[in-house]
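Below: one structure, written as structure tokens.
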Amino acid sequence: MNVNSENTKAQMRKGVLELCILSILSQGDAYPTEIIDKLKETKLVVVEGTLYPLLTRLKNTGLLSYRWEESTSGPPRKYYKLTEIGQQYLKELQISWNELVVAVNKTISNNQN
Amino acid sequence: MNKTVTINISGIIFHIEEDAYDKLSKYLNTIKGYFASNESGNEIITDIEARIAELLQAKVNQVKQVVLMSDVNDVIAALGSPEEFGIDEENTSNKNNTENNNANEPIRKRIFRDPDEKAIGGVCSGLAHYFDVDVVWIRLATFLLIFFGGISLWVYIILWIIIPEAKTTADRLAMRGEKINIDNISKSFKEEMSGVKSRMEKYGNEVNESFRNANGSARTGVDKLAYIIGRIFMVMARLIGAFLIFIAVMVLFGLMASLFGFSFSGNSAEYSDWINIIFLEKSHYWFGFTGLLITIGVPAFMLLYGGIKLLFKIKYSNRWLNISAGIIWFLGFIMLVFASVKTASDFDEQGKMKEHMEFNSTSEFITISANPSSVWFKQNNVEELIEEDEDHRRRFDNHYFFAKVNNTKKLIGTPELKIITSASENFEVVINRKARGGNKRSAYERAKEISYSFKADSSGINLDEMFFINENEKFRVQELEIIVKVPEGKTIFLDKSLHNIIYDVANVTDTYDLDMLNRKWKMTSKGLECIDCNGLERNVHSVENKEKHIIIDEEGVRINKKGKKIIINEDGVHVKEHKENHEE
């Protein structure tokens with residue numbers, strides 16, 4: 001097997017991508033381009049294509065809903081909105097994320113000592 | 001100068017350079033392929049297209065109106081290749097599905113002849129691959145069928161003609177592909193059905209969601225439906241194919257059995273005798289035989305061919321084969337018609353030769369008897385009868401058969417006797433010889449050649465039971481009619497020996513021919529009337545009479561009368577006394 005740090009990094013990003021998308025949407029409705037822009041700021045997304053299957057899946061599982069909005073400058077935009085289930089789901093994710101961060105940090109710092 | 005193409009992405013119109021367009025459409029097709037089996041594939045693609053439109057829109061303005069290759073490259077770089085889209089759980093499974101689907105399509109099994117493992121034409125090894133059996137069994141079955149089944153050789157040749165040889169690697173892969181059997185067909189059929197169902201449901205949902213989405217899935221929905229219908233037809237075609245093969249094999253088998261069976265069976269001597277005597281020339285027979293073989297055989301052969309093609313879904317058609325089959329059939333048909341017309345035309349006309357004899361008999365009463373065949377055979381040097389079985393020989397009843405006479409074969413026929421009222425004062429005998437021929441003259445000449453004799457004197461008439469058709473004559477339904485004319489008021493005795501030739505003699509009491517025998521009949525103005533039938537039942541031949549005195553059935557004849565019992569059966573004649581009446 002190839003030792004490829006890029007691949008591992010990508011896997012790590014993908015793991016938290018769902019959490020990030022839900023967090024972005026919890027601050028207000030957004031359409032994919034806005035979500036991408038925000039994710040790009042934090043370098044969480046390398047290629048945009050990743051987002052679309054993920055959004056569709058979250059929508060299909062009922063965490064997100066969407067509405068169409070006309071755009072003056074381009075094609076109609078699909079605005080995503082966090083559903084109640086989504087909000088619940090996000091809270092659970094945030095809790096487990098915080099726990100994970102603590103656990104991982106602890107493990108890493110222990111090893112360094 | 002570059003050519004540009006106008007395209008519409010997500011409802012936005014772009015002018016795009018041709019090479020850039022090619023790249024973009026290739027990229028979209030890759031994505032489509034990647035998400036093809038994803039339930040939400042169409043939705044994802046629509047979203048991605050919207051994003052592409054957005055990105056491209058940013059690249060064009062009033063001054064730069066055309067999308068260039070570099071713009072497309074930028075868009076693709078931003079979106080990434082499908083492989084980079086992320087491998088979350090759902091996508092992984094989708095990807096596997098995609099692979100499976102892709103794998104199913106090209107390796108759909110097809111039948112090919114295997115040139116690498118061939119013994120003769122590679123047909124057996126091809127079948128072995130197709131049915132996933134060891135070639136040894138197929139070869140064994142083929143060998144056995146060819147030597148004991150007869151028609152397998154035809155099937156082999158047809159298969160050799162219609163099954164294409166595996167030439168390319170793809171052919172060889174398809175040849176060894178997934179096993180095709182009823183299980184797999186129904187499995188893939190069910191998969192397709194459920195696929196269409198979910199697609200239809202999704203289609204319904206998406207109509208509500210978006211007009212644009214609907215377009216895409218309507219197309220796939222219709223495609224899928226067409227595919228399902230295609231599948232159903234495929235299964236039907238296979239069933240029909242199998243049915244056609246069955247019919248064709250039956251017809252071919254029957255044809256072989258009847259044509260070859262006839263000529264090679266134990267009665268071949270008689271069969272060929274009939275051929276010689278019916279057909280004007282031997283060649284006519286062979287024309288007719290070959291013609292019949294072809295007119296029935298070729299359609300059966302093509303039925304077999306079509307059936308096998310349907311069964312194995314062989315699409316390529318052999319024009320050469322179709323055309324030559326048509327030509328051969330036509331030639332065969334012409335041969336058959338030629339032989340039939342040639343032969344039948346020689347039966348066209350009937351000729352009749354009348355021999356009339358009036359004999360001045362003062363007697364009021366004569367006996368009419370037959371010269372029985374056993375005597376006749378001796379008188380005419382008949383050495384041997386050529387006849388399929390004894391039973392037939394006994395019933396000469398309007399039947400022709402061959403006999404060996406002085407080392408040549410002659411056809412023998414039986415005459416018919418009729419008795420009518422004479423117009424004169426005398427007994428008369430009329431012999432009508434009849435035959436058929438191409439024209440009246442030849443028919444007459446042929447009728448003249450029938451050799452028959454009888455004796456008549458004042459005491460009675462003795463009629464030969466048989467007549468000869470001369471050995472050089474063809475069989476043209478030669479018939480001989482004997483008409484005995486009895487003057488009114490005179491009486492005849494019909495001897496028992498007439499039983500083979502008496503034919504439908506009219507009488508006052510409507511007595512059956514055989515019951516008329518051994519009786520005296522007087523010609524009256526109304527017709528023949530029995531004068532010694534008094535007290536005797538007419539229905540001697542009926543199975544049972546009311547009192548059950550006389551019983552005639554399969555077991556023999558039993559006569560019960562006044563305590564005496566007479567039994568005639570295979571063991572002979574037994575006379576018994578009833579024990580209850582006569583204790584001994």
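Ordering of the structure tokens sets the chain letters (A, B, ...); residue numbers start at 1 within each chain; ligands are numbered from 1 in the order shown.
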Worksheet item: Residues of chain A within 9 Å of chain B, using only C-alpha atoms, as a PyMOL selection string?
Response: chain A and resi 10-11+14-15+32-33+46-57+60+68+73-78
Kindly save the residues from that selection, with C-alpha atoms included, as a PDB file, in the first residue's frame.
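Contents of again.pdb, freshly written:
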```pdb
ATOM      1  CA  ALA A  10      -8.880  14.053   2.363  1.00  0.00           C
ATOM      2  CA  GLN A  11     -10.536  11.302   4.361  1.00  0.00           C
ATOM      3  CA  LYS A  14     -14.656  14.324   4.339  1.00  0.00           C
ATOM      4  CA  GLY A  15     -15.465  13.003   7.785  1.00  0.00           C
ATOM      5  CA  PRO A  32     -24.393  25.469  -2.877  1.00  0.00           C
ATOM      6  CA  THR A  33     -22.143  28.234  -4.162  1.00  0.00           C
ATOM      7  CA  VAL A  46     -10.654  20.748  -2.420  1.00  0.00           C
ATOM      8  CA  VAL A  47     -13.016  20.029  -5.301  1.00  0.00           C
ATOM      9  CA  GLU A  48     -16.530  21.427  -5.458  1.00  0.00           C
ATOM     10  CA  GLY A  49     -17.991  18.295  -6.933  1.00  0.00           C
ATOM     11  CA  THR A  50     -17.791  16.647  -3.539  1.00  0.00           C
ATOM     12  CA  LEU A  51     -20.521  18.863  -2.191  1.00  0.00           C
ATOM     13  CA  TYR A  52     -23.366  17.950  -4.509  1.00  0.00           C
ATOM     14  CA  PRO A  53     -23.742  14.257  -3.773  1.00  0.00           C
ATOM     15  CA  LEU A  54     -23.418  15.051  -0.084  1.00  0.00           C
ATOM     16  CA  LEU A  55     -26.097  17.741  -0.126  1.00  0.00           C
ATOM     17  CA  THR A  56     -28.436  15.466  -2.033  1.00  0.00           C
ATOM     18  CA  ARG A  57     -27.885  12.691   0.460  1.00  0.00           C
ATOM     19  CA  ASN A  60     -32.823  12.649   1.028  1.00  0.00           C
ATOM     20  CA  TRP A  68     -35.932  27.279  -5.595  1.00  0.00           C
ATOM     21  CA  SER A  73     -27.503  36.728 -12.692  1.00  0.00           C
ATOM     22  CA  GLY A  74     -27.766  33.052 -13.504  1.00  0.00           C
ATOM     23  CA  PRO A  75     -29.719  29.823 -13.224  1.00  0.00           C
ATOM     24  CA  PRO A  76     -32.279  29.427 -10.431  1.00  0.00           C
ATOM     25  CA  ARG A  77     -30.695  28.685  -7.106  1.00  0.00           C
ATOM     26  CA  LYS A  78     -31.454  25.783  -4.854  1.00  0.00           C
TER      27      LYS A  78
END
```
Item to complete: Run DSSP on the backbone and give me the residues of stretch 17-89 of chain A it puts in strand (DSSP E), as a PyMOL selection string.
Response: chain A and resi 64-69+77-82
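Distance annotation: of B:Ile334, B:Leu411, B:Ile492, B:Val235, the residue with the minimal separation from B:Asp273 is B:Leu411; atom set is only C-alpha atoms.
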Give me the residues near A:Ile21 as an mmCIF file with N, CA and C atoms, in the first residue's frame, where near means some atom within 10 Å (using only C-alpha atoms) and where sequence neighbours in that chain fewer than 3 positions away do not count.
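File produced: result-v9.cif:
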```
data_model
loop_
_atom_site.group_PDB
_atom_site.id
_atom_site.type_symbol
_atom_site.label_atom_id
_atom_site.label_comp_id
_atom_site.auth_asym_id
_atom_site.auth_seq_id
_atom_site.Cartn_x
_atom_site.Cartn_y
_atom_site.Cartn_z
ATOM 1 N N VAL A 16 -15.546 15.315 8.425
ATOM 2 C CA VAL A 16 -16.141 16.446 9.134
ATOM 3 C C VAL A 16 -16.950 17.355 8.222
ATOM 4 N N LEU A 17 -16.929 17.037 6.911
ATOM 5 C CA LEU A 17 -17.605 17.899 5.944
ATOM 6 C C LEU A 17 -19.097 18.027 6.247
ATOM 7 N N GLU A 18 -19.691 16.937 6.592
ATOM 8 C CA GLU A 18 -21.114 16.897 6.877
ATOM 9 C C GLU A 18 -21.433 17.850 8.045
ATOM 10 N N ILE A 24 -22.874 25.466 8.760
ATOM 11 C CA ILE A 24 -23.049 26.645 7.903
ATOM 12 C C ILE A 24 -24.537 26.935 7.722
ATOM 13 N N LEU A 25 -25.309 25.862 7.464
ATOM 14 C CA LEU A 25 -26.729 26.058 7.226
ATOM 15 C C LEU A 25 -27.474 26.465 8.500
ATOM 16 N N SER A 26 -26.918 26.135 9.654
ATOM 17 C CA SER A 26 -27.584 26.523 10.901
ATOM 18 C C SER A 26 -27.507 28.034 11.111
ATOM 19 N N ALA A 30 -28.762 28.653 2.590
ATOM 20 C CA ALA A 30 -27.715 28.965 1.623
ATOM 21 C C ALA A 30 -27.862 28.097 0.401
ATOM 22 N N PRO A 32 -25.684 26.164 -2.857
ATOM 23 C CA PRO A 32 -24.393 25.469 -2.877
ATOM 24 C C PRO A 32 -23.182 26.391 -3.036
ATOM 25 N N ILE A 35 -22.222 27.914 0.167
ATOM 26 C CA ILE A 35 -21.629 26.899 1.049
ATOM 27 C C ILE A 35 -20.189 26.632 0.628
ATOM 28 N N ILE A 36 -20.005 26.485 -0.706
ATOM 29 C CA ILE A 36 -18.652 26.228 -1.223
ATOM 30 C C ILE A 36 -17.705 27.356 -0.844
ATOM 31 N N LYS A 38 -17.809 29.396 1.605
ATOM 32 C CA LYS A 38 -17.456 29.363 3.036
ATOM 33 C C LYS A 38 -16.475 28.240 3.335
ATOM 34 N N LEU A 39 -16.731 27.092 2.710
ATOM 35 C CA LEU A 39 -15.858 25.943 2.946
ATOM 36 C C LEU A 39 -14.457 26.208 2.384
ATOM 37 N N LEU A 51 -19.407 18.317 -2.963
ATOM 38 C CA LEU A 51 -20.521 18.863 -2.191
ATOM 39 C C LEU A 51 -21.884 18.343 -2.659
ATOM 40 N N LEU A 54 -23.219 14.995 -1.522
ATOM 41 C CA LEU A 54 -23.418 15.051 -0.084
ATOM 42 C C LEU A 54 -24.688 15.803 0.280
ATOM 43 N N LEU A 55 -24.883 16.954 -0.373
ATOM 44 C CA LEU A 55 -26.097 17.741 -0.126
ATOM 45 C C LEU A 55 -27.344 16.934 -0.468
ATOM 46 N N LEU A 58 -27.968 14.374 2.222
ATOM 47 C CA LEU A 58 -28.518 14.965 3.450
ATOM 48 C C LEU A 58 -29.979 15.339 3.242
ATOM 49 N N LEU A 82 -31.912 23.936 6.972
ATOM 50 C CA LEU A 82 -31.806 22.873 7.955
ATOM 51 C C LEU A 82 -33.214 22.534 8.460
ATOM 52 N N LEU A 90 -27.551 17.940 14.117
ATOM 53 C CA LEU A 90 -26.367 18.801 14.232
ATOM 54 C C LEU A 90 -25.912 18.887 15.685
#
```
Discussion item. I'd like the neighbourhood of stretch 151-166 of chain B as number ranges by chain, where a residue qualifies if any of its atoms comes within 9 Å (using only C-alpha atoms), though same-chain residues fewer than 2 positions away should be ignored.
Written reply: B: 111-115, 121-124, 126, 142-149, 168-172, 174-175, 249, 252-253, 256, 301, 304-305, 308-309, 312, 314, 316-318, 321
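Note that DSSP on the backbone gives alpha helix (DSSP H) to these residues of stretch 342-471 of chain B: B:Lys342, B:Thr343, B:Ala344, B:Ser345, B:Ser373, B:Ser374, B:Val375, B:Trp376, B:Phe377, B:Lys378, B:Gln379, B:Glu390, B:Asp391, B:His392, B:Arg393, B:Arg394, B:Lys440, B:Arg441, B:Ser442, B:Ala443, B:Tyr444, B:Glu445, B:Arg446, B:Ala447, B:Lys448.
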Worksheet item: Suppose you want the space between atom CA of B:Ser497 and atom CA of B:Leu463; what is it in Å?
Response: 9.7 Å
Fill in: All residues 9 Å or closer to stretch 446-449 of chain B, only C-alpha atoms, same chain fewer than 6 positions away omitted, as a ChimeraX atom specification
/B:350-353,432-437,468-470,473-474,476,478-480
Would you save the residues of that selection, restricted to C-alpha atoms, as a tab-separated table (two decimals), in the first residue's frame?
```tsv
chain	number	residue	atom	x	y	z
B	350	GLN	CA	-61.02	-43.13	-68.86
B	351	GLY	CA	-61.41	-45.66	-71.60
B	352	LYS	CA	-63.87	-48.51	-71.60
B	353	MET	CA	-63.90	-51.67	-73.67
B	432	ASN	CA	-66.51	-53.85	-69.11
B	433	ARG	CA	-62.76	-53.30	-69.05
B	434	LYS	CA	-61.83	-49.85	-67.85
B	435	ALA	CA	-58.53	-48.02	-67.59
B	436	ARG	CA	-57.24	-44.49	-67.57
B	437	GLY	CA	-54.74	-42.82	-69.85
B	468	PHE	CA	-54.29	-59.62	-64.89
B	469	ILE	CA	-52.85	-56.33	-65.86
B	470	ASN	CA	-50.17	-57.19	-68.36
B	473	GLU	CA	-48.63	-51.96	-68.64
B	474	LYS	CA	-48.62	-49.09	-66.21
B	476	ARG	CA	-53.89	-46.75	-64.56
B	478	GLN	CA	-57.65	-50.80	-64.38
B	479	GLU	CA	-61.07	-52.05	-63.43
B	480	LEU	CA	-63.23	-54.88	-64.55
```
Worksheet item: Counting only C-alpha atoms, what is within 7 Å of A:Tyr80, bar same-chain residues fewer than 4 positions away, as a PyMOL selection string?
Response: chain A and resi 29-31+64-67
Item to complete: For atom CA of A:Arg13 and atom CA of A:Ser109, determine how far apart the two atoms are, in Å to one decimal place.
Response: 21.4 Å
